[in-house]
Structures are given as structure tokens and as C-alpha cells.
file model-v8.cif (mmCIF, C-alpha atoms and all ligand atoms)
data_data
#
loop_
_atom_site.label_atom_id
_atom_site.label_comp_id
_atom_site.auth_asym_id
_atom_site.auth_seq_id
_atom_site.Cartn_x
_atom_site.Cartn_y
_atom_site.Cartn_z
CA PRO A 1 -54.34 -153.06 146.34
CA PRO A 2 -51.03 -152.72 144.53
CA PRO A 3 -48.76 -155.79 144.44
CA VAL A 4 -45.95 -153.92 146.21
CA GLU A 5 -45.59 -150.75 148.25
CA VAL A 6 -42.11 -149.79 149.45
CA LEU A 7 -42.55 -147.35 152.32
CA ALA A 8 -39.50 -145.29 153.32
CA ALA A 9 -37.38 -148.45 153.23
CA THR A 10 -33.64 -148.15 153.84
CA LYS A 11 -30.84 -150.73 153.87
CA MET A 12 -27.62 -150.57 155.84
CA PHE A 13 -25.55 -153.75 155.59
CA GLY A 14 -23.70 -155.22 158.54
CA ASN A 15 -20.38 -153.90 157.21
CA GLY A 16 -21.66 -150.32 157.42
CA VAL A 17 -22.45 -149.92 153.69
CA ARG A 18 -25.52 -147.71 153.26
CA ALA A 19 -26.98 -149.42 150.22
CA LEU A 20 -30.27 -147.49 150.09
CA GLU A 21 -31.55 -144.14 151.30
CA PRO A 22 -35.29 -144.09 152.14
CA ILE A 23 -37.16 -145.44 149.12
CA ASP A 24 -40.85 -144.91 148.39
CA LEU A 25 -42.13 -146.89 145.44
CA THR A 26 -45.50 -148.38 144.50
CA ILE A 27 -45.72 -151.12 141.88
CA GLU A 28 -49.20 -151.21 140.33
CA GLU A 29 -50.91 -154.28 138.89
CA GLY A 30 -49.87 -154.98 135.31
CA GLU A 31 -46.91 -152.62 135.27
CA PHE A 32 -43.52 -153.54 133.81
CA VAL A 33 -41.09 -151.58 135.94
CA THR A 34 -37.35 -151.50 135.28
CA LEU A 35 -34.86 -150.45 137.94
CA LEU A 36 -32.08 -148.71 135.97
CA GLY A 37 -28.80 -147.35 137.25
CA PRO A 38 -25.03 -147.82 137.53
CA SER A 39 -23.41 -150.69 139.36
CA GLY A 40 -23.71 -150.35 143.14
CA CYS A 41 -26.76 -148.05 143.19
CA GLY A 42 -28.83 -150.61 145.08
CA LYS A 43 -30.94 -152.13 142.30
CA SER A 44 -30.40 -155.70 143.50
CA THR A 45 -30.88 -154.72 147.12
CA LEU A 46 -34.21 -153.02 146.31
CA LEU A 47 -35.38 -155.96 144.19
CA LYS A 48 -34.43 -158.43 146.94
CA MET A 49 -36.35 -156.34 149.47
CA ILE A 50 -39.35 -156.52 147.13
CA ALA A 51 -38.84 -160.31 147.03
CA ASP A 52 -38.62 -160.41 150.83
CA LEU A 53 -35.11 -161.88 150.55
CA ILE A 54 -33.59 -158.87 152.37
CA THR A 55 -35.16 -157.10 155.33
CA PRO A 56 -35.10 -153.30 155.30
CA THR A 57 -33.11 -151.66 158.09
CA SER A 58 -35.90 -149.11 158.58
CA GLY A 59 -39.24 -148.49 156.90
CA GLY A 60 -41.15 -151.40 155.42
CA LEU A 61 -43.00 -153.02 152.56
CA ARG A 62 -46.53 -154.17 151.88
CA TRP A 63 -47.58 -156.87 149.45
CA TRP A 64 -51.13 -156.67 148.00
CA GLY A 65 -52.11 -154.36 150.82
CA GLY A 66 -51.07 -156.71 153.61
CA ASP A 67 -49.51 -155.49 156.82
CA TYR A 68 -45.73 -155.31 156.96
CA GLY A 69 -44.31 -158.70 156.19
CA HIS A 70 -47.62 -160.29 155.13
CA VAL A 71 -49.33 -160.80 151.77
CA GLY A 72 -52.70 -159.03 151.83
CA GLU A 73 -54.56 -161.22 149.32
CA PRO A 74 -54.49 -164.98 149.79
CA GLY A 75 -53.08 -166.90 146.85
CA LYS A 76 -51.02 -164.03 145.43
CA LYS A 77 -47.53 -165.14 144.52
CA LEU A 78 -44.22 -163.59 143.59
CA VAL A 79 -41.16 -165.27 142.12
CA PHE A 80 -37.57 -164.15 141.86
CA VAL A 81 -35.33 -165.01 138.89
CA PHE A 82 -31.62 -164.76 139.70
CA GLN A 83 -28.85 -163.46 137.44
CA ASP A 84 -27.61 -167.00 136.84
CA ALA A 85 -29.90 -169.80 135.74
CA THR A 86 -29.07 -171.74 138.96
CA LEU A 87 -30.23 -175.06 137.53
CA MET A 88 -29.48 -178.42 139.12
CA PRO A 89 -26.88 -179.82 136.68
CA TRP A 90 -27.61 -183.44 137.55
CA ALA A 91 -31.33 -183.15 136.81
CA ARG A 92 -33.09 -182.99 133.45
CA VAL A 93 -34.90 -179.84 132.34
CA ARG A 94 -38.26 -181.36 133.33
CA ALA A 95 -37.16 -182.01 136.91
CA ASN A 96 -35.59 -178.56 137.16
CA VAL A 97 -38.79 -176.83 136.07
CA ARG A 98 -40.94 -179.07 138.28
CA LEU A 99 -38.86 -178.35 141.40
CA PRO A 100 -41.04 -175.59 142.94
CA LEU A 101 -44.13 -177.78 142.47
CA ASP A 102 -42.37 -180.79 144.04
CA LEU A 103 -41.39 -178.60 146.98
CA ALA A 104 -45.00 -177.41 147.30
CA GLY A 105 -46.22 -181.00 147.41
CA VAL A 106 -48.13 -180.88 144.12
CA PRO A 107 -48.86 -184.46 142.97
CA ARG A 108 -46.37 -185.69 140.35
CA ALA A 109 -48.87 -186.12 137.48
CA GLU A 110 -50.35 -182.65 137.95
CA ALA A 111 -46.88 -181.13 138.28
CA ASP A 112 -45.68 -182.85 135.11
CA ALA A 113 -48.73 -181.58 133.23
CA ARG A 114 -47.83 -178.01 134.20
CA VAL A 115 -44.19 -178.32 133.07
CA ASP A 116 -44.95 -178.61 129.35
CA PRO A 117 -46.99 -175.39 128.99
CA ALA A 118 -44.32 -173.52 130.99
CA LEU A 119 -41.57 -174.82 128.68
CA ALA A 120 -43.68 -173.98 125.62
CA LEU A 121 -44.13 -170.41 126.89
CA VAL A 122 -40.36 -169.86 126.88
CA GLY A 123 -39.90 -171.56 123.51
CA LEU A 124 -38.40 -174.80 124.84
CA GLY A 125 -41.17 -177.26 124.11
CA GLY A 126 -39.56 -180.66 123.49
CA PHE A 127 -36.37 -179.94 125.47
CA ASP A 128 -37.71 -181.46 128.70
CA HIS A 129 -35.41 -184.51 128.49
CA CYS A 130 -32.18 -182.53 128.05
CA TYR A 131 -29.64 -181.86 130.76
CA PRO A 132 -28.75 -178.21 131.41
CA ARG A 133 -25.20 -178.65 130.03
CA GLN A 134 -26.67 -179.62 126.65
CA LEU A 135 -28.32 -176.20 126.35
CA SER A 136 -26.90 -172.76 125.52
CA GLY A 137 -26.72 -170.02 128.16
CA GLY A 138 -29.82 -168.34 126.76
CA MET A 139 -31.74 -171.62 126.81
CA GLN A 140 -30.68 -172.24 130.42
CA MET A 141 -32.04 -168.81 131.37
CA ARG A 142 -35.30 -169.73 129.63
CA VAL A 143 -35.47 -172.90 131.74
CA SER A 144 -35.05 -170.84 134.88
CA ILE A 145 -37.85 -168.52 133.71
CA ALA A 146 -40.05 -171.57 133.03
CA ARG A 147 -39.28 -172.76 136.57
CA ALA A 148 -40.54 -169.39 137.83
CA LEU A 149 -43.65 -169.42 135.62
CA VAL A 150 -44.73 -172.93 136.56
CA THR A 151 -45.85 -171.57 139.94
CA GLU A 152 -48.22 -169.18 138.09
CA PRO A 153 -46.92 -166.05 139.81
CA ASN A 154 -48.70 -162.70 139.86
CA LEU A 155 -45.44 -160.80 140.25
CA LEU A 156 -42.24 -161.71 138.40
CA LEU A 157 -39.00 -160.24 139.77
CA MET A 158 -35.86 -160.55 137.62
CA ASP A 159 -32.34 -159.48 138.56
CA GLU A 160 -30.47 -158.80 135.29
CA PRO A 161 -31.36 -162.26 134.02
CA PHE A 162 -29.84 -161.73 130.57
CA GLY A 163 -26.75 -159.80 131.68
CA ALA A 164 -24.27 -162.56 130.94
CA LEU A 165 -25.59 -163.30 127.43
CA ASP A 166 -24.50 -162.03 124.03
CA GLU A 167 -26.47 -159.17 122.52
CA ILE A 168 -28.40 -161.13 119.90
CA THR A 169 -29.58 -163.72 122.42
CA ARG A 170 -30.38 -160.96 124.85
CA ASN A 171 -32.49 -158.99 122.35
CA LYS A 172 -34.42 -162.13 121.48
CA LEU A 173 -35.08 -162.89 125.15
CA ASP A 174 -36.12 -159.25 125.74
CA GLN A 175 -38.75 -159.56 123.02
CA ASP A 176 -39.93 -162.92 124.38
CA LEU A 177 -40.17 -161.54 127.90
CA LEU A 178 -42.26 -158.65 126.64
CA ASP A 179 -44.57 -161.05 124.80
CA LEU A 180 -44.90 -163.10 127.97
CA TRP A 181 -45.76 -160.05 130.07
CA PHE A 182 -48.36 -159.02 127.50
CA ALA A 183 -49.88 -162.49 127.15
CA LYS A 184 -49.96 -163.41 130.84
CA LYS A 185 -50.90 -159.97 132.22
CA LEU A 186 -48.03 -160.28 134.66
CA THR A 187 -46.63 -157.57 136.85
CA VAL A 188 -42.87 -157.43 136.31
CA VAL A 189 -40.01 -155.69 138.10
CA PHE A 190 -36.78 -156.06 136.14
CA VAL A 191 -33.27 -154.91 137.10
CA THR A 192 -30.96 -153.73 134.33
CA HIS A 193 -28.15 -151.31 133.68
CA SER A 194 -29.04 -151.20 130.00
CA ILE A 195 -30.90 -148.05 128.95
CA TYR A 196 -31.94 -149.91 125.81
CA GLU A 197 -33.61 -152.66 127.82
CA ALA A 198 -35.27 -150.18 130.19
CA VAL A 199 -36.79 -148.14 127.39
CA PHE A 200 -37.69 -151.12 125.21
CA LEU A 201 -39.29 -153.23 127.91
CA SER A 202 -40.92 -151.16 130.55
CA THR A 203 -43.99 -149.08 131.21
CA ARG A 204 -42.04 -147.20 133.90
CA VAL A 205 -38.32 -146.67 134.41
CA VAL A 206 -37.09 -146.06 137.96
CA VAL A 207 -33.73 -144.33 137.56
CA MET A 208 -31.38 -144.85 140.51
CA ALA A 209 -28.05 -143.32 141.54
CA ALA A 210 -25.21 -144.59 143.73
CA ARG A 211 -23.48 -143.36 146.90
CA PRO A 212 -25.90 -143.34 148.51
CA GLY A 213 -28.30 -145.63 146.63
CA ARG A 214 -31.49 -143.72 145.89
CA VAL A 215 -34.22 -143.06 143.31
CA LEU A 216 -33.34 -140.06 141.11
CA ARG A 217 -36.46 -139.91 138.99
CA GLU A 218 -39.23 -142.01 137.48
CA VAL A 219 -40.17 -141.98 133.83
CA ARG A 220 -43.47 -143.36 132.58
CA ILE A 221 -43.59 -144.74 129.05
CA ASP A 222 -47.01 -144.57 127.43
CA ALA A 223 -46.04 -146.06 124.08
CA PRO A 224 -48.20 -149.03 123.05
CA TYR A 225 -46.92 -152.55 123.24
CA PRO A 226 -44.57 -153.00 120.26
CA ARG A 227 -45.53 -155.60 117.70
CA ASP A 228 -43.44 -156.72 114.76
P1 LIG A 301 -27.63 -158.76 156.14
O1 LIG A 301 -27.48 -158.03 157.45
O2 LIG A 301 -28.69 -158.16 155.27
O3 LIG A 301 -27.77 -160.23 156.28
P2 LIG A 301 -24.75 -158.73 155.86
O4 LIG A 301 -24.15 -157.39 156.06
O5 LIG A 301 -24.75 -159.69 157.00
O6 LIG A 301 -26.27 -158.52 155.33
O7 LIG A 301 -24.02 -159.37 154.62
C1 LIG A 301 -24.41 -160.57 154.02
C2 LIG A 301 -23.24 -161.23 153.34
O8 LIG A 301 -22.81 -160.47 152.14
C3 LIG A 301 -22.05 -161.28 154.23
O9 LIG A 301 -21.60 -162.62 154.29
C4 LIG A 301 -21.00 -160.40 153.60
O10 LIG A 301 -19.73 -160.97 153.69
C5 LIG A 301 -21.39 -160.33 152.15
N1 LIG A 301 -20.94 -159.02 151.57
C6 LIG A 301 -20.24 -158.12 152.25
N2 LIG A 301 -19.98 -157.05 151.49
C7 LIG A 301 -20.52 -157.26 150.31
C8 LIG A 301 -20.61 -156.51 149.09
N3 LIG A 301 -20.06 -155.29 148.95
N4 LIG A 301 -21.31 -157.03 148.06
C9 LIG A 301 -21.87 -158.24 148.19
N5 LIG A 301 -21.80 -159.01 149.30
C10 LIG A 301 -21.15 -158.53 150.35
P1 LIG A 302 -26.60 -152.91 142.14
O1 LIG A 302 -27.53 -154.05 142.03
O2 LIG A 302 -27.23 -151.60 141.70
O3 LIG A 302 -25.28 -153.12 141.48
P2 LIG A 302 -26.42 -153.67 144.93
O4 LIG A 302 -27.81 -153.58 145.47
O5 LIG A 302 -25.89 -155.00 144.59
O6 LIG A 302 -26.27 -152.66 143.70
O7 LIG A 302 -25.42 -153.01 146.00
C1 LIG A 302 -25.64 -151.72 146.58
C2 LIG A 302 -24.49 -151.43 147.55
O8 LIG A 302 -24.57 -152.31 148.67
C3 LIG A 302 -23.11 -151.66 146.97
O9 LIG A 302 -22.25 -150.72 147.55
C4 LIG A 302 -22.77 -153.09 147.40
O10 LIG A 302 -21.38 -153.28 147.48
C5 LIG A 302 -23.43 -153.15 148.76
N1 LIG A 302 -23.87 -154.50 149.13
C6 LIG A 302 -24.71 -155.29 148.43
N2 LIG A 302 -24.96 -156.44 149.07
C7 LIG A 302 -24.26 -156.38 150.23
C8 LIG A 302 -24.08 -157.25 151.34
N3 LIG A 302 -24.71 -158.42 151.39
N4 LIG A 302 -23.28 -156.84 152.34
C9 LIG A 302 -22.68 -155.65 152.29
N5 LIG A 302 -22.78 -154.78 151.28
C10 LIG A 302 -23.57 -155.13 150.26
#

call {"tool": "encode", "arguments": {"input": "model-v8.cif", "output": "C-alpha cells"}}
result
Amino acid sequence: PPPVEVLAATKMFGNGVRALEPIDLTIEEGEFVTLLGPSGCGKSTLLKMIADLITPTSGGLRWWGGDYGHVGEPGKKLVFVFQDATLMPWARVRANVRLPLDLAGVPRAEADARVDPALALVGLGGFDHCYPRQLSGGMQMRVSIARALVTEPNLLLMDEPFGALDEITRNKLDQDLLDLWFAKKLTVVFVTHSIYEAVFLSTRVVVMAARPGRVLREVRIDAPYPRD
């Protein structure tokens, strides 16, 4: 079954804002889907519904074919990467990346052994002893991606993770994210308002519009994975 099915889901916030009209969207295994649209069109709201961080007002979602609110295949995991790196400033990179494993009760030695490959994947091998403030903004975002990857997710959800970074750093991270998706056979849903990012990264672009938030059209991109 597909990792995510959004079935006629709507969102009305408590203040009366209708953030989303009924949305139907299926995310297939291995896809890289970008949600593209202007500010306020409901991209974050839709992504957070997919992450089960926001409950739809009507309609529902299924994860890996499970009934509403339940994951259909045991062991399947999703992770959500926020816009900001949200690292613990008082903790070293290693402890930041290990956090989800600590919370899951993974023994310390095993958890530590999983930190290094995750840091290597995002190009930060050897930075495990640094504090977040010693790293650039782009590096801090990489740490937060490593923290997501250490849980070995099947579905990676990212809410404009590179939005605050300069263009050169951003383009580099875009390429690295694409390599990661290709290497790990991840399913990715990525929020952006950059047409460049949507076209460069994804296998499908979901174009949204505001007032009310809705899906305007979907564009599939068949071009092969770009290699330098
Ligand atoms: P929910 O019912 O999904 O929990 P709420 O309507 O209770 O959502 O809002 C959650 C929080 O977001 C509230 O504390 C509210 O103040 C805040 N909020 C209100 N308006 C906005 C807005 N336009 N953008 C972002 N956050 C908002
Ligand atoms: P985008 O990510 O495309 O910029 P959002 O999903 O953040 O759009 O917001 C969609 C609409 O819902 C906007 O009008 C926003 O102000 C409103 N909104 C978002 N979060 C909340 C909230 N917690 N409470 C009330 N309104 C919200």
C-alpha cells in the first residue's frame, strides 16, 4: 500500500481560517513529491497532516494502508524535518543526532554506532564533537537531517528546510538531498515555494493555490535522476 493517502481532508483552524479545501492525494513508494505554492496556500498544513501533527477537520488519512489514524504496516516510520534546525544548543552534534534513539530507548553503544553513518550521509563526518553554534546554518540543517535519518525512516517529510539559507548553500543541499533520496530509496514529501527546487528535485509537483488552500494541478516529471 502507498505510504500516504489523503482522503478528502480539510482543515479549518479554531480562528475560522479555512486553510484547506478537500484534498485528495496519494503518495506512492519511492516518489519525491514537492508541494509548491504561494505563502498561505496550506503547504505546511498539508505536510503536518501527513505527519499526523495536525488533525484534519473532516476527511482523513491512511498510512501504509492502515485505517484512519493507524500505520498499516508494522515498522514503517515517518520523520518530519522542521524549517529551523531546532537543535539543542547545549548539546554536542552527536547527542543532538542521537536524541530520537535515546528517546526510543536504544542502548547507548548501538545508538552511538548509528550516529556516525547518519552524519557521514549528510557530509558531516568528524563534526560529532562540535556544538551547534560552531557550525554554519547549512551545517546545522544537515545535523537536523541526520537526526531524522538516524531513525531509518521510510518517509521523509521536510517543511522548507533550506528556506533561510543563501542560494549557494541551498543549491548544494538540494543536490545532496537528491543524492540521499536516490541512494536510500526514500519516499520524500518536500514543501517549497521555489519553482526551481520543485522542478529540480521532484518526481511529482503538487501545485497549490491560496484562499482557499487547494490543489490546482499535479505535474509528473519523468526525467531521469540528474548526475553531474
Ligand atoms: P488546532 O485546532 O489545529 O489546534 P488552533 O486554531 O487551535 O489549531 O491554532 C493553534 C495555534 O496557532 C493557536 O495558538 C493560534 O494562536 C496559532 N495561530 C493562529 N493563527 C495563526 C496563523 N495565521 N498562522 C499561524 N499560527 C496561528
Ligand atoms: P503555507 O505553508 O503554504 O504558507 P500554511 O499551511 O502555513 O500555508 O497556512 C495556510 C493558512 O492557514 C494561512 O492562512 C495561515 O495563516 C493559516 N494557519 C496556519 N496555521 C494556523 C493555525 N495554527 N491557526 C490558525 N490559522 C493557521

call {"tool": "closest_residue", "arguments": {"input": "model-v8.cif", "among": "A:Lys48, A:Arg62, A:Lys185, A:Arg220", "to": "ligand LIG 301 (chain A)", "atoms": "only C-alpha atoms and all ligand atoms"}}
result
A:Lys48

call {"tool": "residues_near_ligand", "arguments": {"input": "model-v8.cif", "ligand": "ligand LIG 301 (chain A)", "cutoff": "6 Å", "atoms": "all atoms listed in the file", "output": "ChimeraX atom specification"}}
result
/A:13-15,54

call {"tool": "closest_residue", "arguments": {"input": "model-v8.cif", "among": "A:Leu46, A:Ala148, A:Ile23, A:Ala164", "to": "ligand LIG 302 (chain A)", "atoms": "all atoms listed in the file"}}
result
A:Leu46

call {"tool": "closest_residue", "arguments": {"input": "model-v8.cif", "among": "A:Asp222, A:Asp84, A:Asp159, A:Asp52", "to": "ligand LIG 302 (chain A)", "atoms": "all atoms listed in the file"}}
result
A:Asp159

call {"tool": "residues_around", "arguments": {"input": "model-v8.cif", "residues": "region 165-171 of chain A", "least_positions_apart": "3", "cutoff": "8 Å", "atoms": "only C-alpha atoms", "output": "list in words"}}
result
Gly137, Gly138, Phe162, Asp174 and Gln175 of chain A

call {"tool": "residues_around", "arguments": {"input": "model-v8.cif", "residues": "Val115 (chain A)", "least_positions_apart": "2", "cutoff": "8 Å", "atoms": "all atoms listed in the file", "output": "VMD selection string"}}
result
chain A and resid 94 97 to 98 111 to 113 117 to 119 146 150

call {"tool": "closest_residue", "arguments": {"input": "model-v8.cif", "among": "A:Thr57, A:Thr187, A:Ser144, A:Thr26", "to": "Val6 (chain A)", "atoms": "only C-alpha atoms"}}
result
A:Thr26

call {"tool": "residues_near_ligand", "arguments": {"input": "model-v8.cif", "ligand": "ligand LIG 302 (chain A)", "cutoff": "7 Å", "atoms": "all atoms listed in the file", "output": "list in words"}}
result
Phe13, Gly14, Asn15, Val17, Arg18, Ala19, Gly37, Pro38, Ser39, Gly40, Cys41, Gly42, Lys43, Ser44, Thr45, Leu46 and Gly213 of chain A

call {"tool": "closest_residue", "arguments": {"input": "model-v8.cif", "among": "A:Leu53, A:Ile145, A:Val81, A:Leu7", "to": "Ala120 (chain A)", "atoms": "all atoms listed in the file"}}
result
A:Ile145

call {"tool": "residues_around", "arguments": {"input": "model-v8.cif", "residues": "Arg214 (chain A)", "least_positions_apart": "3", "cutoff": "7 Å", "atoms": "only C-alpha atoms", "output": "list in words"}}
result
Leu20, Glu21, Ile23, Cys41, Met208, Ala209 and Ala210 of chain A

call {"tool": "closest_residue", "arguments": {"input": "model-v8.cif", "among": "A:Leu177, A:Leu101, A:Val143, A:Val4", "to": "Trp63 (chain A)", "atoms": "only C-alpha atoms"}}
result
A:Val4

call {"tool": "atom_distance", "arguments": {"input": "model-v8.cif", "atom1": "CA of Pro74 (chain A)", "atom2": "CA of Leu180 (chain A)"}}
result
23.9 Å

call {"tool": "residues_around", "arguments": {"input": "model-v8.cif", "residues": "Thr34 (chain A)", "least_positions_apart": "5", "cutoff": "10 Å", "atoms": "only C-alpha atoms", "output": "ChimeraX atom specification"}}
result
/A:43,157-159,188-195,197-199,201-207,218

call {"tool": "atom_distance", "arguments": {"input": "model-v8.cif", "atom1": "CA of Met139 (chain A)", "atom2": "CA of Leu124 (chain A)"}}
result
7.6 Å
